[in-house]
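Read the structure below first, then the notes.
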Amino acid sequence: MGYFEQALLAALLIGMLSGLVGTLVVLRQRTFFAQALTHATFPGAVGAAILGVSIPLGAAVASVVIVGIMTLIGRVKRQGNQVASGILLTAGFALGVLLQGLNPSLPVKVDSYLVGSILTVTDQDITLVAVVLGLAVLVIALFGRQIMFSTFDVNGFRAAGYREWPIELLTLVLITATVVTAMPAVGAILAIALIAAPAAAARLVSRTTKQMFVIAPVLGAMSGVVGVLLSRSLDVAAGPTIALTAAALFVLALVLRRLTETLRPHRQADAPGPSRTSVRLKA
């Protein structure tokens, strides 16, 4: 398999994973958390490059630390998850830039992990994405009903005797794993576009939650594959092209939704109604 075919496969798998897990991000309103996570894992990548270990491993370790800190800050009185996400988004990214500045002679270009380099993904990267995608499908298949119950009716979920923290922890682990696996391909900054945009687009065109879980991975895969093809034809970076493709699909879904809502009243107005004669006969 050549490097370009390998990039297409990586884009396909990462897009499917991002769309699937992005559905949980959008439905559970964790978009800002995911954005903070994508930025705050940057110091983990820089630290791993300094130590000479796997960069995805460094990002994963940083993610675990970040989730723990965010949980602690979120429990502080008069604070919350949004405050914790905002603090760690800027602090984590600033720490990564500082570490990079203090170590200018790093053996690898850490900047590539900001915007991604999908043409240089390895077999190990693709294997990792495939494993995480399989686990995400398994988790949603086994615990999907409980996750949706907790998402749409927290009080009812608690009243039914369920504990909320295992479901929350499970979704956070999926989000973290998705961010870490997508980082080498689309970058720490652009990963949020591939996670949020396909899911948000699927929400606009889906009638049910089940449809959203099917449509979002398809749109994510389309964003990845089309983005790679466009980047090759236009001779531009693949990461930004993938992100812009995902954003374009969201805009297209929004336009289709608005057109449908505009045409619907006209169809209802043109629908045949009971004539005055029939009304008199019924009376």
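Numbering starts fresh at 1 for the residues of each chain in the structure tokens, the chains themselves are lettered A, B, ... in the order given, and ligands are numbered from 1 as they appear.
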Give the alpha helix (DSSP H) residues of range 27-158 of chain A, as DSSP finds them on the backbone, and put them as an mmCIF file with N, CA and C atoms, in the first residue's frame.
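Output (out01.cif):
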data_model
loop_
_atom_site.group_PDB
_atom_site.id
_atom_site.type_symbol
_atom_site.label_atom_id
_atom_site.label_comp_id
_atom_site.auth_asym_id
_atom_site.auth_seq_id
_atom_site.Cartn_x
_atom_site.Cartn_y
_atom_site.Cartn_z
ATOM 1 N N LEU A 27 -24.475 15.720 21.346
ATOM 2 C CA LEU A 27 -25.685 15.455 22.117
ATOM 3 C C LEU A 27 -25.497 15.753 23.600
ATOM 4 N N THR A 31 -18.783 19.906 23.405
ATOM 5 C CA THR A 31 -17.951 20.431 22.330
ATOM 6 C C THR A 31 -16.808 21.290 22.865
ATOM 7 N N PHE A 32 -17.120 22.147 23.828
ATOM 8 C CA PHE A 32 -16.070 23.008 24.384
ATOM 9 C C PHE A 32 -15.042 22.176 25.138
ATOM 10 N N PHE A 33 -15.491 21.109 25.800
ATOM 11 C CA PHE A 33 -14.555 20.206 26.472
ATOM 12 C C PHE A 33 -13.620 19.554 25.463
ATOM 13 N N ALA A 34 -14.190 19.079 24.346
ATOM 14 C CA ALA A 34 -13.362 18.453 23.312
ATOM 15 C C ALA A 34 -12.365 19.439 22.727
ATOM 16 N N GLN A 35 -12.799 20.681 22.544
ATOM 17 C CA GLN A 35 -11.887 21.702 22.027
ATOM 18 C C GLN A 35 -10.749 21.963 23.007
ATOM 19 N N ALA A 36 -11.080 22.069 24.278
ATOM 20 C CA ALA A 36 -10.043 22.282 25.283
ATOM 21 C C ALA A 36 -9.079 21.104 25.325
ATOM 22 N N LEU A 37 -9.608 19.907 25.151
ATOM 23 C CA LEU A 37 -8.777 18.709 25.184
ATOM 24 C C LEU A 37 -7.812 18.674 24.003
ATOM 25 N N THR A 38 -8.295 19.055 22.821
ATOM 26 C CA THR A 38 -7.416 19.047 21.650
ATOM 27 C C THR A 38 -6.239 20.009 21.821
ATOM 28 N N HIS A 39 -6.480 21.148 22.447
ATOM 29 C CA HIS A 39 -5.409 22.121 22.638
ATOM 30 C C HIS A 39 -4.500 21.746 23.813
ATOM 31 N N ALA A 40 -5.104 21.234 24.870
ATOM 32 C CA ALA A 40 -4.335 20.975 26.085
ATOM 33 C C ALA A 40 -3.465 19.734 25.982
ATOM 34 N N PHE A 42 -1.426 19.274 23.624
ATOM 35 C CA PHE A 42 -0.210 19.696 22.923
ATOM 36 C C PHE A 42 1.037 19.601 23.800
ATOM 37 N N PRO A 43 0.999 20.026 25.080
ATOM 38 C CA PRO A 43 2.218 19.874 25.887
ATOM 39 C C PRO A 43 2.619 18.418 26.087
ATOM 40 N N GLY A 44 1.642 17.504 26.083
ATOM 41 C CA GLY A 44 1.986 16.092 26.176
ATOM 42 C C GLY A 44 2.758 15.622 24.959
ATOM 43 N N ALA A 45 2.360 16.118 23.776
ATOM 44 C CA ALA A 45 3.078 15.768 22.552
ATOM 45 C C ALA A 45 4.498 16.334 22.572
ATOM 46 N N VAL A 46 4.640 17.576 23.022
ATOM 47 C CA VAL A 46 5.964 18.190 23.090
ATOM 48 C C VAL A 46 6.840 17.458 24.109
ATOM 49 N N GLY A 47 6.262 17.142 25.270
ATOM 50 C CA GLY A 47 7.018 16.414 26.289
ATOM 51 C C GLY A 47 7.480 15.053 25.805
ATOM 52 N N ALA A 48 6.627 14.367 25.051
ATOM 53 C CA ALA A 48 7.014 13.057 24.516
ATOM 54 C C ALA A 48 8.146 13.192 23.510
ATOM 55 N N ALA A 49 8.094 14.264 22.690
ATOM 56 C CA ALA A 49 9.179 14.491 21.732
ATOM 57 C C ALA A 49 10.492 14.787 22.444
ATOM 58 N N ILE A 50 10.430 15.505 23.554
ATOM 59 C CA ILE A 50 11.638 15.816 24.316
ATOM 60 C C ILE A 50 12.241 14.549 24.924
ATOM 61 N N LEU A 51 11.364 13.670 25.437
ATOM 62 C CA LEU A 51 11.829 12.436 26.079
ATOM 63 C C LEU A 51 12.155 11.340 25.069
ATOM 64 N N ILE A 55 4.738 10.071 20.606
ATOM 65 C CA ILE A 55 3.998 11.316 20.794
ATOM 66 C C ILE A 55 2.519 11.061 21.111
ATOM 67 N N PRO A 56 1.838 10.122 20.430
ATOM 68 C CA PRO A 56 0.458 9.820 20.846
ATOM 69 C C PRO A 56 0.368 9.343 22.291
ATOM 70 N N LEU A 57 1.397 8.612 22.748
ATOM 71 C CA LEU A 57 1.405 8.176 24.145
ATOM 72 C C LEU A 57 1.516 9.372 25.073
ATOM 73 N N GLY A 58 2.368 10.328 24.736
ATOM 74 C CA GLY A 58 2.481 11.537 25.552
ATOM 75 C C GLY A 58 1.193 12.314 25.580
ATOM 76 N N ALA A 59 0.513 12.406 24.421
ATOM 77 C CA ALA A 59 -0.779 13.102 24.367
ATOM 78 C C ALA A 59 -1.822 12.377 25.196
ATOM 79 N N ALA A 60 -1.777 11.047 25.190
ATOM 80 C CA ALA A 60 -2.738 10.271 25.977
ATOM 81 C C ALA A 60 -2.531 10.493 27.473
ATOM 82 N N VAL A 61 -1.277 10.482 27.901
ATOM 83 C CA VAL A 61 -0.989 10.742 29.323
ATOM 84 C C VAL A 61 -1.441 12.141 29.712
ATOM 85 N N ALA A 62 -1.161 13.114 28.856
ATOM 86 C CA ALA A 62 -1.599 14.481 29.133
ATOM 87 C C ALA A 62 -3.119 14.558 29.201
ATOM 88 N N SER A 63 -3.811 13.787 28.375
ATOM 89 C CA SER A 63 -5.269 13.799 28.388
ATOM 90 C C SER A 63 -5.819 13.298 29.710
ATOM 91 N N VAL A 64 -5.215 12.237 30.245
ATOM 92 C CA VAL A 64 -5.669 11.699 31.527
ATOM 93 C C VAL A 64 -5.498 12.734 32.630
ATOM 94 N N VAL A 65 -4.346 13.395 32.624
ATOM 95 C CA VAL A 65 -4.097 14.433 33.631
ATOM 96 C C VAL A 65 -5.085 15.582 33.482
ATOM 97 N N ILE A 66 -5.343 15.973 32.246
ATOM 98 C CA ILE A 66 -6.245 17.093 31.982
ATOM 99 C C ILE A 66 -7.663 16.783 32.439
ATOM 100 N N VAL A 67 -8.135 15.583 32.121
ATOM 101 C CA VAL A 67 -9.486 15.199 32.537
ATOM 102 C C VAL A 67 -9.600 15.208 34.058
ATOM 103 N N GLY A 68 -8.562 14.731 34.750
ATOM 104 C CA GLY A 68 -8.579 14.757 36.210
ATOM 105 C C GLY A 68 -8.626 16.171 36.762
ATOM 106 N N ILE A 69 -7.813 17.065 36.197
ATOM 107 C CA ILE A 69 -7.802 18.460 36.663
ATOM 108 C C ILE A 69 -9.143 19.133 36.374
ATOM 109 N N MET A 70 -9.699 18.872 35.198
ATOM 110 C CA MET A 70 -10.979 19.475 34.852
ATOM 111 C C MET A 70 -12.085 18.999 35.790
ATOM 112 N N THR A 71 -12.028 17.744 36.156
ATOM 113 C CA THR A 71 -13.026 17.213 37.087
ATOM 114 C C THR A 71 -12.929 17.891 38.443
ATOM 115 N N LEU A 72 -11.697 18.098 38.923
ATOM 116 C CA LEU A 72 -11.505 18.757 40.218
ATOM 117 C C LEU A 72 -11.972 20.206 40.180
ATOM 118 N N ILE A 73 -11.620 20.919 39.106
ATOM 119 C CA ILE A 73 -12.040 22.323 38.992
ATOM 120 C C ILE A 73 -13.556 22.412 38.867
ATOM 121 N N GLY A 74 -14.143 21.470 38.127
ATOM 122 C CA GLY A 74 -15.590 21.492 37.936
ATOM 123 C C GLY A 74 -16.366 21.290 39.212
ATOM 124 N N ASN A 81 -17.800 23.026 34.500
ATOM 125 C CA ASN A 81 -17.014 22.402 33.445
ATOM 126 C C ASN A 81 -16.557 23.405 32.395
ATOM 127 N N GLN A 82 -17.403 24.410 32.095
ATOM 128 C CA GLN A 82 -17.023 25.395 31.084
ATOM 129 C C GLN A 82 -15.836 26.222 31.555
ATOM 130 N N VAL A 83 -15.826 26.573 32.836
ATOM 131 C CA VAL A 83 -14.706 27.340 33.390
ATOM 132 C C VAL A 83 -13.429 26.515 33.339
ATOM 133 N N ALA A 84 -13.532 25.251 33.743
ATOM 134 C CA ALA A 84 -12.368 24.367 33.730
ATOM 135 C C ALA A 84 -11.829 24.181 32.317
ATOM 136 N N SER A 85 -12.733 24.022 31.346
ATOM 137 C CA SER A 85 -12.312 23.842 29.963
ATOM 138 C C SER A 85 -11.594 25.079 29.443
ATOM 139 N N GLY A 86 -12.128 26.261 29.760
ATOM 140 C CA GLY A 86 -11.508 27.492 29.292
ATOM 141 C C GLY A 86 -10.119 27.705 29.866
ATOM 142 N N ILE A 87 -9.962 27.384 31.157
ATOM 143 C CA ILE A 87 -8.657 27.559 31.797
ATOM 144 C C ILE A 87 -7.624 26.620 31.185
ATOM 145 N N LEU A 88 -7.984 25.351 31.044
ATOM 146 C CA LEU A 88 -7.031 24.369 30.547
ATOM 147 C C LEU A 88 -6.756 24.519 29.055
ATOM 148 N N LEU A 89 -7.718 25.046 28.310
ATOM 149 C CA LEU A 89 -7.494 25.252 26.876
ATOM 150 C C LEU A 89 -6.313 26.185 26.658
ATOM 151 N N THR A 90 -6.344 27.332 27.320
ATOM 152 C CA THR A 90 -5.277 28.314 27.124
ATOM 153 C C THR A 90 -3.994 27.918 27.861
ATOM 154 N N ALA A 91 -4.126 27.426 29.092
ATOM 155 C CA ALA A 91 -2.941 27.090 29.878
ATOM 156 C C ALA A 91 -2.186 25.921 29.258
ATOM 157 N N GLY A 92 -2.927 24.908 28.820
ATOM 158 C CA GLY A 92 -2.268 23.744 28.232
ATOM 159 C C GLY A 92 -1.546 24.081 26.944
ATOM 160 N N PHE A 93 -2.208 24.826 26.082
ATOM 161 C CA PHE A 93 -1.578 25.187 24.815
ATOM 162 C C PHE A 93 -0.366 26.084 25.057
ATOM 163 N N ALA A 94 -0.481 27.021 26.002
ATOM 164 C CA ALA A 94 0.644 27.907 26.316
ATOM 165 C C ALA A 94 1.823 27.116 26.867
ATOM 166 N N LEU A 95 1.535 26.094 27.675
ATOM 167 C CA LEU A 95 2.606 25.258 28.215
ATOM 168 C C LEU A 95 3.331 24.513 27.097
ATOM 169 N N GLY A 96 2.561 24.034 26.117
ATOM 170 C CA GLY A 96 3.186 23.348 24.990
ATOM 171 C C GLY A 96 4.098 24.265 24.197
ATOM 172 N N VAL A 97 3.648 25.488 23.947
ATOM 173 C CA VAL A 97 4.470 26.459 23.223
ATOM 174 C C VAL A 97 5.730 26.795 24.019
ATOM 175 N N LEU A 98 5.591 26.921 25.355
ATOM 176 C CA LEU A 98 6.743 27.224 26.207
ATOM 177 C C LEU A 98 7.771 26.094 26.174
ATOM 178 N N LEU A 99 7.293 24.858 26.279
ATOM 179 C CA LEU A 99 8.214 23.717 26.229
ATOM 180 C C LEU A 99 8.923 23.634 24.884
ATOM 181 N N GLN A 100 8.199 23.926 23.841
ATOM 182 C CA GLN A 100 8.803 23.903 22.515
ATOM 183 C C GLN A 100 9.855 24.999 22.377
ATOM 184 N N GLY A 101 9.561 26.184 22.938
ATOM 185 C CA GLY A 101 10.518 27.276 22.878
ATOM 186 C C GLY A 101 11.782 26.998 23.678
ATOM 187 N N LEU A 102 11.642 26.278 24.784
ATOM 188 C CA LEU A 102 12.799 25.948 25.614
ATOM 189 C C LEU A 102 13.646 24.828 25.029
ATOM 190 N N SER A 112 3.860 19.957 13.392
ATOM 191 C CA SER A 112 3.007 19.150 12.530
ATOM 192 C C SER A 112 1.821 18.586 13.291
ATOM 193 N N TYR A 113 1.946 18.469 14.608
ATOM 194 C CA TYR A 113 0.842 17.943 15.406
ATOM 195 C C TYR A 113 -0.198 19.010 15.730
ATOM 196 N N LEU A 114 0.047 20.240 15.304
ATOM 197 C CA LEU A 114 -0.965 21.276 15.452
ATOM 198 C C LEU A 114 -1.960 21.236 14.294
ATOM 199 N N VAL A 115 -1.459 20.991 13.094
ATOM 200 C CA VAL A 115 -2.322 20.944 11.904
ATOM 201 C C VAL A 115 -2.350 19.565 11.270
ATOM 202 N N ASP A 123 1.633 2.568 9.956
ATOM 203 C CA ASP A 123 0.743 1.420 10.143
ATOM 204 C C ASP A 123 0.246 1.343 11.579
ATOM 205 N N GLN A 124 1.103 1.736 12.519
ATOM 206 C CA GLN A 124 0.697 1.724 13.926
ATOM 207 C C GLN A 124 -0.412 2.733 14.187
ATOM 208 N N ASP A 125 -0.330 3.894 13.542
ATOM 209 C CA ASP A 125 -1.383 4.906 13.700
ATOM 210 C C ASP A 125 -2.723 4.384 13.178
ATOM 211 N N ILE A 126 -2.707 3.744 12.027
ATOM 212 C CA ILE A 126 -3.940 3.216 11.442
ATOM 213 C C ILE A 126 -4.506 2.093 12.298
ATOM 214 N N THR A 127 -3.628 1.245 12.812
ATOM 215 C CA THR A 127 -4.081 0.158 13.689
ATOM 216 C C THR A 127 -4.731 0.714 14.945
ATOM 217 N N LEU A 128 -4.120 1.756 15.505
ATOM 218 C CA LEU A 128 -4.678 2.372 16.708
ATOM 219 C C LEU A 128 -6.063 2.955 16.441
ATOM 220 N N VAL A 129 -6.227 3.620 15.302
ATOM 221 C CA VAL A 129 -7.534 4.187 14.955
ATOM 222 C C VAL A 129 -8.568 3.083 14.781
ATOM 223 N N ALA A 130 -8.180 1.991 14.114
ATOM 224 C CA ALA A 130 -9.109 0.882 13.900
ATOM 225 C C ALA A 130 -9.539 0.252 15.230
ATOM 226 N N VAL A 131 -8.611 0.119 16.156
ATOM 227 C CA VAL A 131 -8.933 -0.457 17.465
ATOM 228 C C VAL A 131 -9.882 0.453 18.240
ATOM 229 N N VAL A 132 -9.583 1.751 18.254
ATOM 230 C CA VAL A 132 -10.439 2.703 18.966
ATOM 231 C C VAL A 132 -11.824 2.760 18.333
ATOM 232 N N LEU A 133 -11.887 2.703 16.999
ATOM 233 C CA LEU A 133 -13.180 2.700 16.314
ATOM 234 C C LEU A 133 -13.991 1.462 16.692
ATOM 235 N N GLY A 134 -13.347 0.303 16.721
ATOM 236 C CA GLY A 134 -14.042 -0.915 17.129
ATOM 237 C C GLY A 134 -14.551 -0.839 18.560
ATOM 238 N N LEU A 135 -13.741 -0.274 19.455
ATOM 239 C CA LEU A 135 -14.171 -0.122 20.854
ATOM 240 C C LEU A 135 -15.332 0.860 20.964
ATOM 241 N N ALA A 136 -15.287 1.941 20.184
ATOM 242 C CA ALA A 136 -16.369 2.922 20.227
ATOM 243 C C ALA A 136 -17.685 2.303 19.759
ATOM 244 N N VAL A 137 -17.624 1.514 18.681
ATOM 245 C CA VAL A 137 -18.834 0.832 18.193
ATOM 246 C C VAL A 137 -19.355 -0.132 19.244
ATOM 247 N N LEU A 138 -18.455 -0.856 19.891
ATOM 248 C CA LEU A 138 -18.858 -1.823 20.918
ATOM 249 C C LEU A 138 -19.497 -1.133 22.114
ATOM 250 N N VAL A 139 -18.895 -0.031 22.554
ATOM 251 C CA VAL A 139 -19.433 0.703 23.704
ATOM 252 C C VAL A 139 -20.825 1.247 23.408
ATOM 253 N N ILE A 140 -20.999 1.829 22.229
ATOM 254 C CA ILE A 140 -22.304 2.405 21.877
ATOM 255 C C ILE A 140 -23.345 1.300 21.709
ATOM 256 N N ALA A 141 -22.933 0.151 21.174
ATOM 257 C CA ALA A 141 -23.869 -0.964 21.019
ATOM 258 C C ALA A 141 -24.311 -1.521 22.366
ATOM 259 N N LEU A 142 -23.403 -1.564 23.333
ATOM 260 C CA LEU A 142 -23.713 -2.151 24.638
ATOM 261 C C LEU A 142 -24.368 -1.155 25.586
ATOM 262 N N PHE A 143 -23.906 0.088 25.555
ATOM 263 C CA PHE A 143 -24.357 1.073 26.546
ATOM 264 C C PHE A 143 -25.070 2.264 25.910
ATOM 265 N N GLY A 144 -25.435 2.151 24.647
ATOM 266 C CA GLY A 144 -26.052 3.283 23.960
ATOM 267 C C GLY A 144 -27.331 3.756 24.617
ATOM 268 N N ARG A 145 -28.194 2.839 25.030
ATOM 269 C CA ARG A 145 -29.461 3.226 25.652
ATOM 270 C C ARG A 145 -29.229 3.965 26.965
ATOM 271 N N GLN A 146 -28.298 3.475 27.772
ATOM 272 C CA GLN A 146 -28.009 4.150 29.037
ATOM 273 C C GLN A 146 -27.383 5.522 28.789
ATOM 274 N N ILE A 147 -26.515 5.611 27.798
ATOM 275 C CA ILE A 147 -25.895 6.906 27.491
ATOM 276 C C ILE A 147 -26.952 7.914 27.062
ATOM 277 N N MET A 148 -27.887 7.492 26.202
ATOM 278 C CA MET A 148 -28.937 8.406 25.748
ATOM 279 C C MET A 148 -29.900 8.740 26.885
ATOM 280 N N PHE A 149 -30.191 7.780 27.743
ATOM 281 C CA PHE A 149 -31.051 8.031 28.906
ATOM 282 C C PHE A 149 -30.415 9.091 29.794
ATOM 283 N N SER A 150 -29.114 8.941 30.049
ATOM 284 C CA SER A 150 -28.399 9.912 30.871
ATOM 285 C C SER A 150 -28.298 11.265 30.183
ATOM 286 N N THR A 151 -28.248 11.261 28.853
ATOM 287 C CA THR A 151 -28.090 12.513 28.103
ATOM 288 C C THR A 151 -29.358 13.353 28.119
ATOM 289 N N PHE A 152 -30.503 12.715 27.896
ATOM 290 C CA PHE A 152 -31.753 13.454 27.721
ATOM 291 C C PHE A 152 -32.582 13.583 28.999
ATOM 292 N N VAL A 154 -31.441 13.368 32.871
ATOM 293 C CA VAL A 154 -30.492 13.082 33.951
ATOM 294 C C VAL A 154 -31.227 12.719 35.239
ATOM 295 N N ASN A 155 -32.281 13.474 35.566
ATOM 296 C CA ASN A 155 -33.021 13.201 36.796
ATOM 297 C C ASN A 155 -33.697 11.830 36.751
ATOM 298 N N GLY A 156 -34.285 11.516 35.597
ATOM 299 C CA GLY A 156 -34.897 10.207 35.460
ATOM 300 C C GLY A 156 -33.870 9.089 35.518
ATOM 301 N N PHE A 157 -32.693 9.342 34.981
ATOM 302 C CA PHE A 157 -31.612 8.366 35.008
ATOM 303 C C PHE A 157 -31.195 8.072 36.441
ATOM 304 N N ARG A 158 -31.102 9.135 37.236
ATOM 305 C CA ARG A 158 -30.744 8.946 38.647
ATOM 306 C C ARG A 158 -31.870 8.277 39.423
#
Q. Can you tell me, as number ranges by chain, what residues are no more than 7 Å from Leu174 in chain A when counting only C-alpha atoms, ignoring any on the same chain fewer than 4 positions away?
A. A: 21, 136, 170, 178
Q: Please provide the set of residues having any atom within 10 Å of Leu256 in chain A, restricted to only C-alpha atoms, with same-chain residues fewer than 6 positions apart removed, written as a count of residues only.
A: 4
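Interatomic distance, CA of Val214 in chain A to CA of Arg28 in chain A: 17.1 Å.
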Q | Interatomic distance (Å, one decimal) between CA of Val218 in chain A and CA of Thr41 in chain A | A | 26.8 Å
Q. Taking into account only C-alpha atoms, which residue in the set A:Ile189, A:Leu24, A:Ile215, A:Leu249 is nearest to Val173 in chain A?
A. A:Leu24
